[in-house]
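Engineer: Sharing my_file.cif below, mmCIF, C-alpha atoms:
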```cif
data_work
#
loop_
_atom_site.group_PDB
_atom_site.id
_atom_site.type_symbol
_atom_site.label_atom_id
_atom_site.label_comp_id
_atom_site.auth_asym_id
_atom_site.auth_seq_id
_atom_site.Cartn_x
_atom_site.Cartn_y
_atom_site.Cartn_z
ATOM 1 C CA MET A 1 -140.098 -56.825 97.691
ATOM 2 C CA LYS A 2 -136.610 -56.969 96.201
ATOM 3 C CA LYS A 3 -134.175 -59.656 97.268
ATOM 4 C CA LEU A 4 -130.802 -58.570 98.620
ATOM 5 C CA SER A 5 -128.079 -59.141 95.972
ATOM 6 C CA ALA A 6 -125.509 -60.040 98.571
ATOM 7 C CA ARG A 7 -125.187 -60.547 102.246
ATOM 8 C CA ARG A 8 -124.214 -57.538 104.257
ATOM 9 C CA ARG A 9 -120.572 -57.824 105.463
ATOM 10 C CA HIS A 10 -119.744 -57.529 109.109
ATOM 11 C CA PRO A 11 -118.155 -54.137 109.815
ATOM 12 C CA LEU A 12 -115.063 -55.768 111.410
ATOM 13 C CA ALA A 13 -114.359 -58.106 108.477
ATOM 14 C CA ALA A 14 -111.969 -55.702 106.751
ATOM 15 C CA LEU A 15 -110.042 -55.222 109.993
ATOM 16 C CA VAL A 16 -109.674 -58.993 110.453
ATOM 17 C CA VAL A 17 -108.358 -59.404 106.904
ATOM 18 C CA LEU A 18 -105.862 -56.582 107.438
ATOM 19 C CA LEU A 19 -104.573 -58.075 110.689
ATOM 20 C CA PHE A 20 -104.242 -61.504 109.059
ATOM 21 C CA ALA A 21 -102.231 -60.031 106.183
ATOM 22 C CA LEU A 22 -99.921 -58.235 108.588
ATOM 23 C CA ALA A 23 -99.370 -61.423 110.583
ATOM 24 C CA VAL A 24 -98.493 -63.401 107.453
ATOM 25 C CA THR A 25 -96.126 -60.663 106.233
ATOM 26 C CA GLY A 26 -94.409 -60.461 109.614
ATOM 27 C CA GLY A 27 -93.967 -64.228 109.744
ATOM 28 C CA LEU A 28 -92.402 -64.301 106.294
ATOM 29 C CA TYR A 29 -90.037 -61.469 107.183
ATOM 30 C CA ALA A 30 -88.991 -63.194 110.384
ATOM 31 C CA ALA A 31 -88.334 -66.413 108.465
ATOM 32 C CA LEU A 32 -86.481 -64.891 105.521
ATOM 33 C CA ALA A 33 -84.748 -61.841 106.978
ATOM 34 C CA PRO A 34 -81.148 -62.259 108.191
ATOM 35 C CA ALA A 35 -80.754 -62.877 111.900
ATOM 36 C CA PRO A 36 -79.384 -59.963 113.929
ATOM 37 C CA LYS A 37 -76.298 -61.982 114.905
ATOM 38 C CA ALA A 38 -75.582 -62.843 111.270
ATOM 39 C CA GLN A 39 -75.946 -59.203 110.323
ATOM 40 C CA ALA A 40 -73.568 -58.194 113.114
ATOM 41 C CA ASP A 41 -71.036 -60.841 112.022
ATOM 42 C CA ASP A 42 -71.208 -59.650 108.415
ATOM 43 C CA ALA A 43 -70.726 -56.057 109.510
ATOM 44 C CA ALA A 44 -67.735 -56.995 111.683
ATOM 45 C CA GLN A 45 -66.195 -58.988 108.823
ATOM 46 C CA SER A 46 -66.664 -56.107 106.397
ATOM 47 C CA LEU A 47 -65.024 -53.741 108.873
ATOM 48 C CA ALA A 48 -62.101 -56.160 109.361
ATOM 49 C CA ILE A 49 -61.587 -56.377 105.595
ATOM 50 C CA THR A 50 -61.669 -52.581 105.246
ATOM 51 C CA GLU A 51 -59.148 -52.071 108.046
ATOM 52 C CA GLY A 52 -57.003 -54.927 106.743
ATOM 53 C CA LYS A 53 -56.854 -53.329 103.311
ATOM 54 C CA LYS A 54 -55.542 -50.124 104.881
ATOM 55 C CA LEU A 55 -52.806 -52.043 106.717
ATOM 56 C CA TYR A 56 -51.990 -53.965 103.533
ATOM 57 C CA SER A 57 -51.621 -50.779 101.499
ATOM 58 C CA VAL A 58 -49.047 -49.436 103.957
ATOM 59 C CA GLY A 59 -47.028 -52.555 104.805
ATOM 60 C CA CYS A 60 -47.463 -55.079 101.995
ATOM 61 C CA ALA A 61 -48.509 -53.506 98.684
ATOM 62 C CA SER A 62 -44.986 -52.383 97.731
ATOM 63 C CA CYS A 63 -43.944 -56.034 97.263
ATOM 64 C CA HIS A 64 -47.181 -57.941 96.690
ATOM 65 C CA GLY A 65 -48.987 -55.428 94.489
ATOM 66 C CA THR A 66 -51.811 -53.040 95.220
ATOM 67 C CA SER A 67 -54.419 -55.807 94.928
ATOM 68 C CA GLY A 68 -52.329 -58.792 96.045
ATOM 69 C CA GLN A 69 -51.548 -59.773 92.460
ATOM 70 C CA GLY A 70 -47.827 -60.092 93.195
ATOM 71 C CA SER A 71 -44.745 -58.494 91.643
ATOM 72 C CA SER A 72 -41.087 -59.207 91.004
ATOM 73 C CA ASP A 73 -40.439 -58.654 94.722
ATOM 74 C CA GLY A 74 -43.236 -60.807 96.148
ATOM 75 C CA PRO A 75 -45.611 -63.616 95.127
ATOM 76 C CA SER A 76 -49.337 -63.265 94.525
ATOM 77 C CA LEU A 77 -51.479 -63.508 97.652
ATOM 78 C CA VAL A 78 -54.689 -64.386 95.832
ATOM 79 C CA GLY A 79 -55.733 -67.730 97.315
ATOM 80 C CA ALA A 80 -53.026 -67.639 100.005
ATOM 81 C CA GLY A 81 -55.696 -67.747 102.712
ATOM 82 C CA SER A 82 -55.840 -66.344 106.209
ATOM 83 C CA ALA A 83 -53.678 -69.134 107.694
ATOM 84 C CA ALA A 84 -50.666 -68.077 105.623
ATOM 85 C CA VAL A 85 -51.061 -64.467 106.777
ATOM 86 C CA ASP A 86 -51.434 -65.472 110.413
ATOM 87 C CA PHE A 87 -48.251 -67.552 110.202
ATOM 88 C CA GLN A 88 -46.063 -65.162 108.200
ATOM 89 C CA VAL A 89 -47.077 -61.986 110.021
ATOM 90 C CA GLY A 90 -47.542 -63.682 113.389
ATOM 91 C CA THR A 91 -43.940 -64.945 113.357
ATOM 92 C CA GLY A 92 -42.513 -61.610 112.205
ATOM 93 C CA ARG A 93 -41.375 -62.910 108.819
ATOM 94 C CA MET A 94 -43.693 -60.438 107.133
ATOM 95 C CA PRO A 95 -43.417 -57.643 106.323
ATOM 96 C CA ALA A 96 -39.941 -58.631 105.138
ATOM 97 C CA GLN A 97 -37.021 -56.268 105.645
ATOM 98 C CA GLN A 98 -35.785 -57.040 102.133
ATOM 99 C CA PRO A 99 -36.312 -59.746 99.486
ATOM 100 C CA GLY A 100 -33.946 -62.688 99.720
ATOM 101 C CA ALA A 101 -33.492 -66.418 99.460
ATOM 102 C CA GLN A 102 -34.805 -66.889 102.994
ATOM 103 C CA ILE A 103 -37.059 -64.619 105.024
ATOM 104 C CA PRO A 104 -35.937 -64.956 108.671
ATOM 105 C CA LYS A 105 -38.120 -64.882 111.748
ATOM 106 C CA LYS A 106 -37.971 -61.570 113.583
ATOM 107 C CA LYS A 107 -39.859 -59.400 116.054
ATOM 108 C CA VAL A 108 -43.593 -59.170 115.360
ATOM 109 C CA ILE A 109 -44.662 -55.599 114.540
ATOM 110 C CA TYR A 110 -48.451 -56.087 114.390
ATOM 111 C CA ASP A 111 -50.720 -57.050 117.259
ATOM 112 C CA GLN A 112 -53.128 -59.977 116.897
ATOM 113 C CA ALA A 113 -56.114 -57.750 116.072
ATOM 114 C CA GLU A 114 -54.218 -56.191 113.169
ATOM 115 C CA ILE A 115 -53.024 -59.601 112.006
ATOM 116 C CA ASP A 116 -56.643 -60.796 111.982
ATOM 117 C CA GLN A 117 -57.617 -57.771 109.886
ATOM 118 C CA LEU A 118 -54.830 -58.419 107.385
ATOM 119 C CA ALA A 119 -55.844 -62.079 107.235
ATOM 120 C CA ALA A 120 -59.478 -61.125 106.601
ATOM 121 C CA TYR A 121 -58.479 -58.897 103.689
ATOM 122 C CA ILE A 122 -56.220 -61.508 102.073
ATOM 123 C CA ALA A 123 -58.923 -64.158 102.543
ATOM 124 C CA SER A 124 -61.358 -61.885 100.672
ATOM 125 C CA LEU A 125 -59.101 -61.969 97.582
ATOM 126 C CA GLY A 126 -59.693 -65.677 97.008
ATOM 127 C CA PRO A 127 -60.365 -68.944 98.854
ATOM 128 C CA GLY A 128 -57.424 -70.447 100.728
ATOM 129 C CA PRO A 129 -56.479 -72.265 103.959
ATOM 130 C CA ALA A 130 -58.236 -70.728 106.957
ATOM 131 C CA VAL A 131 -56.746 -70.074 110.384
ATOM 132 C CA PRO A 132 -57.177 -73.317 112.384
ATOM 133 C CA SER A 133 -59.211 -73.464 115.565
ATOM 134 C CA LYS A 134 -57.683 -74.377 118.920
ATOM 135 C CA ASP A 135 -59.338 -77.791 118.775
ATOM 136 C CA GLN A 136 -57.407 -78.542 115.581
ATOM 137 C CA TYR A 137 -53.883 -77.768 116.798
ATOM 138 C CA ASN A 138 -54.251 -78.675 120.481
ATOM 139 C CA PRO A 139 -51.851 -81.630 121.104
ATOM 140 C CA ALA A 140 -53.717 -82.818 124.202
ATOM 141 C CA GLY A 141 -54.546 -86.502 123.819
ATOM 142 C CA ALA A 142 -52.474 -86.888 120.631
ATOM 143 C CA ASP A 143 -50.023 -89.762 120.056
ATOM 144 C CA ALA A 144 -46.503 -88.330 120.407
ATOM 145 C CA GLY A 145 -44.898 -91.667 119.465
ATOM 146 C CA LYS A 146 -46.771 -91.813 116.179
ATOM 147 C CA GLY A 147 -45.997 -88.144 115.672
ATOM 148 C CA GLY A 148 -42.297 -88.883 116.016
ATOM 149 C CA GLU A 149 -42.486 -91.527 113.287
ATOM 150 C CA LEU A 150 -44.344 -89.119 111.003
ATOM 151 C CA PHE A 151 -41.903 -86.288 111.716
ATOM 152 C CA ARG A 152 -38.837 -88.416 111.013
ATOM 153 C CA THR A 153 -40.420 -89.611 107.765
ATOM 154 C CA ASN A 154 -41.681 -86.268 106.427
ATOM 155 C CA CYS A 155 -39.785 -83.480 108.177
ATOM 156 C CA ALA A 156 -36.439 -84.583 109.660
ATOM 157 C CA GLN A 157 -34.622 -84.408 106.311
ATOM 158 C CA CYS A 158 -34.760 -80.619 106.558
ATOM 159 C CA HIS A 159 -35.662 -79.738 110.137
ATOM 160 C CA ASN A 160 -33.399 -82.223 111.967
ATOM 161 C CA PHE A 161 -34.650 -85.093 114.128
ATOM 162 C CA VAL A 162 -36.037 -82.837 116.839
ATOM 163 C CA GLY A 163 -36.804 -79.743 114.772
ATOM 164 C CA LYS A 164 -33.607 -77.737 115.340
ATOM 165 C CA GLY A 165 -33.363 -76.823 111.677
ATOM 166 C CA GLY A 166 -30.753 -77.373 109.001
ATOM 167 C CA ALA A 167 -29.133 -75.987 105.865
ATOM 168 C CA LEU A 168 -30.675 -76.227 102.388
ATOM 169 C CA THR A 169 -29.395 -75.180 98.964
ATOM 170 C CA ASN A 170 -28.927 -71.730 97.394
ATOM 171 C CA GLY A 171 -28.756 -69.837 100.678
ATOM 172 C CA LYS A 172 -31.967 -71.306 102.073
ATOM 173 C CA TYR A 173 -32.389 -73.161 105.349
ATOM 174 C CA ALA A 174 -35.041 -74.998 107.315
ATOM 175 C CA PRO A 175 -35.628 -72.885 110.430
ATOM 176 C CA THR A 176 -35.691 -74.265 113.937
ATOM 177 C CA ILE A 177 -39.126 -75.217 115.245
ATOM 178 C CA GLN A 178 -38.075 -74.851 118.873
ATOM 179 C CA GLY A 179 -40.181 -72.218 120.598
ATOM 180 C CA SER A 180 -42.860 -72.243 117.891
ATOM 181 C CA SER A 181 -46.467 -72.311 119.054
ATOM 182 C CA PRO A 182 -48.723 -75.268 118.140
ATOM 183 C CA LYS A 183 -50.869 -72.880 116.100
ATOM 184 C CA HIS A 184 -47.954 -71.711 113.950
ATOM 185 C CA ILE A 185 -46.656 -75.263 113.486
ATOM 186 C CA TYR A 186 -50.092 -76.341 112.272
ATOM 187 C CA GLU A 187 -50.307 -73.337 109.919
ATOM 188 C CA ALA A 188 -46.853 -74.074 108.517
ATOM 189 C CA MET A 189 -47.864 -77.636 107.695
ATOM 190 C CA LEU A 190 -51.136 -76.364 106.234
ATOM 191 C CA THR A 191 -49.671 -73.663 103.989
ATOM 192 C CA GLY A 192 -46.071 -74.722 103.244
ATOM 193 C CA PRO A 193 -44.126 -71.464 103.692
ATOM 194 C CA GLN A 194 -41.113 -70.760 101.459
ATOM 195 C CA SER A 195 -39.310 -74.037 100.558
ATOM 196 C CA MET A 196 -41.557 -76.238 102.700
ATOM 197 C CA PRO A 197 -44.182 -78.391 100.951
ATOM 198 C CA SER A 198 -47.778 -77.940 102.063
ATOM 199 C CA PHE A 199 -49.733 -80.680 103.824
ATOM 200 C CA PRO A 200 -53.448 -79.846 103.513
ATOM 201 C CA ASP A 201 -55.933 -81.745 105.626
ATOM 202 C CA SER A 202 -56.791 -83.884 102.602
ATOM 203 C CA THR A 203 -53.171 -85.135 102.550
ATOM 204 C CA MET A 204 -52.348 -85.016 106.250
ATOM 205 C CA PRO A 205 -55.477 -85.138 108.454
ATOM 206 C CA GLN A 206 -55.917 -82.929 111.507
ATOM 207 C CA ASP A 207 -55.217 -85.694 114.029
ATOM 208 C CA THR A 208 -51.958 -86.531 112.225
ATOM 209 C CA LYS A 209 -50.817 -82.918 112.469
ATOM 210 C CA ALA A 210 -51.739 -82.955 116.165
ATOM 211 C CA ASP A 211 -49.569 -86.070 116.643
ATOM 212 C CA ILE A 212 -46.566 -84.268 115.129
ATOM 213 C CA ILE A 213 -47.170 -81.226 117.311
ATOM 214 C CA ALA A 214 -47.345 -83.496 120.370
ATOM 215 C CA TYR A 215 -43.988 -85.069 119.436
ATOM 216 C CA LEU A 216 -42.310 -81.682 119.018
ATOM 217 C CA HIS A 217 -43.690 -80.634 122.391
ATOM 218 C CA GLU A 218 -42.232 -83.751 123.992
ATOM 219 C CA VAL A 219 -38.723 -83.214 122.611
ATOM 220 C CA ASN A 220 -38.526 -79.420 122.795
ATOM 221 C CA SER A 221 -40.487 -78.324 125.845
ATOM 222 C CA SER A 222 -39.023 -77.121 129.133
ATOM 223 C CA GLU A 223 -39.957 -80.498 130.677
ATOM 224 C CA THR A 224 -37.948 -82.472 128.108
ATOM 225 C CA LYS A 225 -35.308 -84.733 129.683
ATOM 226 C CA ASN A 226 -32.164 -85.985 127.998
ATOM 227 C CA PRO A 227 -31.034 -89.196 129.742
ATOM 228 C CA GLY A 228 -28.012 -89.446 127.455
ATOM 229 C CA GLY A 229 -26.346 -86.308 128.749
ATOM 230 C CA LEU A 230 -25.127 -83.850 126.100
ATOM 231 C CA SER A 231 -27.467 -83.782 123.109
ATOM 232 C CA LEU A 232 -24.673 -82.833 120.632
ATOM 233 C CA GLY A 233 -27.215 -80.846 118.668
ATOM 234 C CA SER A 234 -29.592 -83.817 118.434
ATOM 235 C CA ILE A 235 -28.382 -84.335 114.887
ATOM 236 C CA GLY A 236 -28.970 -88.069 115.057
ATOM 237 C CA PRO A 237 -27.499 -91.406 116.139
ATOM 238 C CA VAL A 238 -24.945 -91.653 113.306
ATOM 239 C CA SER A 239 -23.260 -88.335 114.031
ATOM 240 C CA GLU A 240 -23.470 -88.851 117.780
ATOM 241 C CA GLY A 241 -21.924 -92.308 117.396
ATOM 242 C CA LEU A 242 -19.165 -90.847 115.209
ATOM 243 C CA VAL A 243 -18.322 -88.243 117.852
ATOM 244 C CA ALA A 244 -18.245 -90.922 120.552
ATOM 245 C CA TRP A 245 -16.033 -93.141 118.381
ATOM 246 C CA VAL A 246 -13.544 -90.405 117.443
ATOM 247 C CA PHE A 247 -13.196 -88.956 120.928
ATOM 248 C CA GLY A 248 -13.309 -92.360 122.602
ATOM 249 C CA LEU A 249 -10.708 -93.855 120.284
ATOM 250 C CA GLY A 250 -8.559 -90.746 120.554
ATOM 251 C CA LEU A 251 -8.664 -90.939 124.354
ATOM 252 C CA LEU A 252 -7.673 -94.625 124.243
ATOM 253 C CA LEU A 253 -4.700 -93.827 121.994
ATOM 254 C CA VAL A 254 -3.539 -91.054 124.336
ATOM 255 C CA CYS A 255 -3.831 -93.363 127.360
ATOM 256 C CA THR A 256 -2.004 -96.168 125.552
ATOM 257 C CA THR A 257 0.824 -93.852 124.511
ATOM 258 C CA TRP A 258 1.168 -92.491 128.036
ATOM 259 C CA ILE A 259 1.227 -95.972 129.592
ATOM 260 C CA ALA A 260 3.808 -97.172 127.059
ATOM 261 C CA ALA A 261 6.032 -94.154 127.714
ATOM 262 C CA ARG A 262 5.821 -94.642 131.475
ATOM 263 C CA THR A 263 6.617 -98.355 131.153
ATOM 264 C CA THR A 264 9.661 -97.733 128.942
ATOM 265 C CA LYS A 265 10.947 -95.073 131.321
ATOM 266 C CA ALA A 266 10.550 -97.399 134.294
ATOM 267 C CA LYS A 267 12.513 -100.190 132.586
ATOM 268 C CA LYS A 268 15.422 -97.861 131.757
ATOM 269 C CA SER A 269 15.685 -96.660 135.292
#
```
Spit out the file's structure as structure tokens when you get a sec.

Structural biologist:
Amino acid sequence: MKKLSARRRHPLAALVVLLFALAVTGGLYAALAPAPKAQADDAAQSLAITEGKKLYSVGCASCHGTSGQGSSDGPSLVGAGSAAVDFQVGTGRMPAQQPGAQIPKKKVIYDQAEIDQLAAYIASLGPGPAVPSKDQYNPAGADAGKGGELFRTNCAQCHNFVGKGGALTNGKYAPTIQGSSPKHIYEAMLTGPQSMPSFPDSTMPQDTKADIIAYLHEVNSSETKNPGGLSLGSIGPVSEGLVAWVFGLGLLLVCTTWIAARTTKAKKS
């Protein structure tokens, strides 16, 4: 009687092996495949970049070049970042009416969704400062007193003591900050538009920027009180003291002259 060369396999063994292989493959796919939310976010970002490129081609390419490389009429936008776009377009400065020494603030022509699309396209050209979150520029809980010290040290030379703006050289000027949103103030410090130096978070941390925003809110909001009466432009104590001295001294001289004239007239009569 011949011995069996091998044991007879159970008829369900192949099915068990197949199911095990499918389970392992499915587990690996679930672990390595992109999550549905990530895929949706990537798709939305790609769509925003595509739409932003269309808007850029119509409103920006004539000055900044077809690929953001810049031209004689506008600087390169490669590495400008989404924060610069959100500030410049969100305040109406861009698209500019015409090149010049200073690009003024004007009516905004894009809605926020279109601004976000433009920002996404410019951000895709190269890494740059990103649009800050609300937690970053929210002045709630910030130190307005410290912010005032920082503003007077770093900003008042151009923007005036309370942010009302001032003249610069060669036809340029520091614009007023009154009425600016905390988001745009933060973005301006982050990106340094036009003649303004930039203050990245590595140089000026987020909480420091929030302190400055809190100070500007205190001195420029609708709740701001001026116990001194007329602000005289809030130019500063030296100019305000000079005005008080000139007008006060002038009034004293007028009163003195009038009293002397009345006294002389009374003696003659």

Engineer: Do a neighbour search on A:Gly59 at 10 Å with all atoms listed in the file, toss out local chain neighbours closer than 6 positions, and write the hits as a list of chain:residue names.

Structural biologist: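 Selected residues are A:Lys53, A:Met94, A:Pro95, A:Ala96.
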
Engineer: Would you list the contacts of A:Ala210 as JSON, numbers by chain, taking every protein, DNA or RNA residue within 10 Å and counting only C-alpha atoms, but skipping same-chain residues closer than 4 positions in sequence?

Structural biologist: {"A": [135, 136, 137, 138, 139, 140, 141, 142, 143, 144, 147, 182, 185, 186, 205, 206, 214, 215, 216]}

Engineer: Keeping C-alpha atoms for every residue in the selection just given, could you write it to a file as a PDB file, keeping the file's coordinate frame?

Structural biologist:
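Result file again-v2.pdb:
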```pdb
ATOM      1  CA  ASP A 135     -59.338 -77.791 118.775  1.00  0.00           C
ATOM      2  CA  GLN A 136     -57.407 -78.542 115.581  1.00  0.00           C
ATOM      3  CA  TYR A 137     -53.883 -77.768 116.798  1.00  0.00           C
ATOM      4  CA  ASN A 138     -54.251 -78.675 120.481  1.00  0.00           C
ATOM      5  CA  PRO A 139     -51.851 -81.630 121.104  1.00  0.00           C
ATOM      6  CA  ALA A 140     -53.717 -82.818 124.202  1.00  0.00           C
ATOM      7  CA  GLY A 141     -54.546 -86.502 123.819  1.00  0.00           C
ATOM      8  CA  ALA A 142     -52.474 -86.888 120.631  1.00  0.00           C
ATOM      9  CA  ASP A 143     -50.023 -89.762 120.056  1.00  0.00           C
ATOM     10  CA  ALA A 144     -46.503 -88.330 120.407  1.00  0.00           C
ATOM     11  CA  GLY A 147     -45.997 -88.144 115.672  1.00  0.00           C
ATOM     12  CA  PRO A 182     -48.723 -75.268 118.140  1.00  0.00           C
ATOM     13  CA  ILE A 185     -46.656 -75.263 113.486  1.00  0.00           C
ATOM     14  CA  TYR A 186     -50.092 -76.341 112.272  1.00  0.00           C
ATOM     15  CA  PRO A 205     -55.477 -85.138 108.454  1.00  0.00           C
ATOM     16  CA  GLN A 206     -55.917 -82.929 111.507  1.00  0.00           C
ATOM     17  CA  ALA A 214     -47.345 -83.496 120.370  1.00  0.00           C
ATOM     18  CA  TYR A 215     -43.988 -85.069 119.436  1.00  0.00           C
ATOM     19  CA  LEU A 216     -42.310 -81.682 119.018  1.00  0.00           C
TER      20      LEU A 216
END
```

Engineer: Exactly which residues make up the result of the PyMOL selection byres ((chain A and resi 104-116) around 8) on this file, given as a PyMOL selection string?

Structural biologist: chain A and resi 48+52+55+85-86+89-93+102-103+117-120

Engineer: Taking (-59.5, -69.3, 99.0) in the file's own coordinates, collect the residues within 6 Å, counting all atoms listed in the file, and hand them back as a PyMOL selection string.

Structural biologist: chain A and resi 79+81+126-128

Engineer: Measuring atom to atom with all atoms listed in the file, identify which of A:Lys164, A:His64, A:Arg262, A:Lys146 is nearest to A:Ile213.

Structural biologist: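 The answer is A:Lys146, which sits nearest to A:Ile213.
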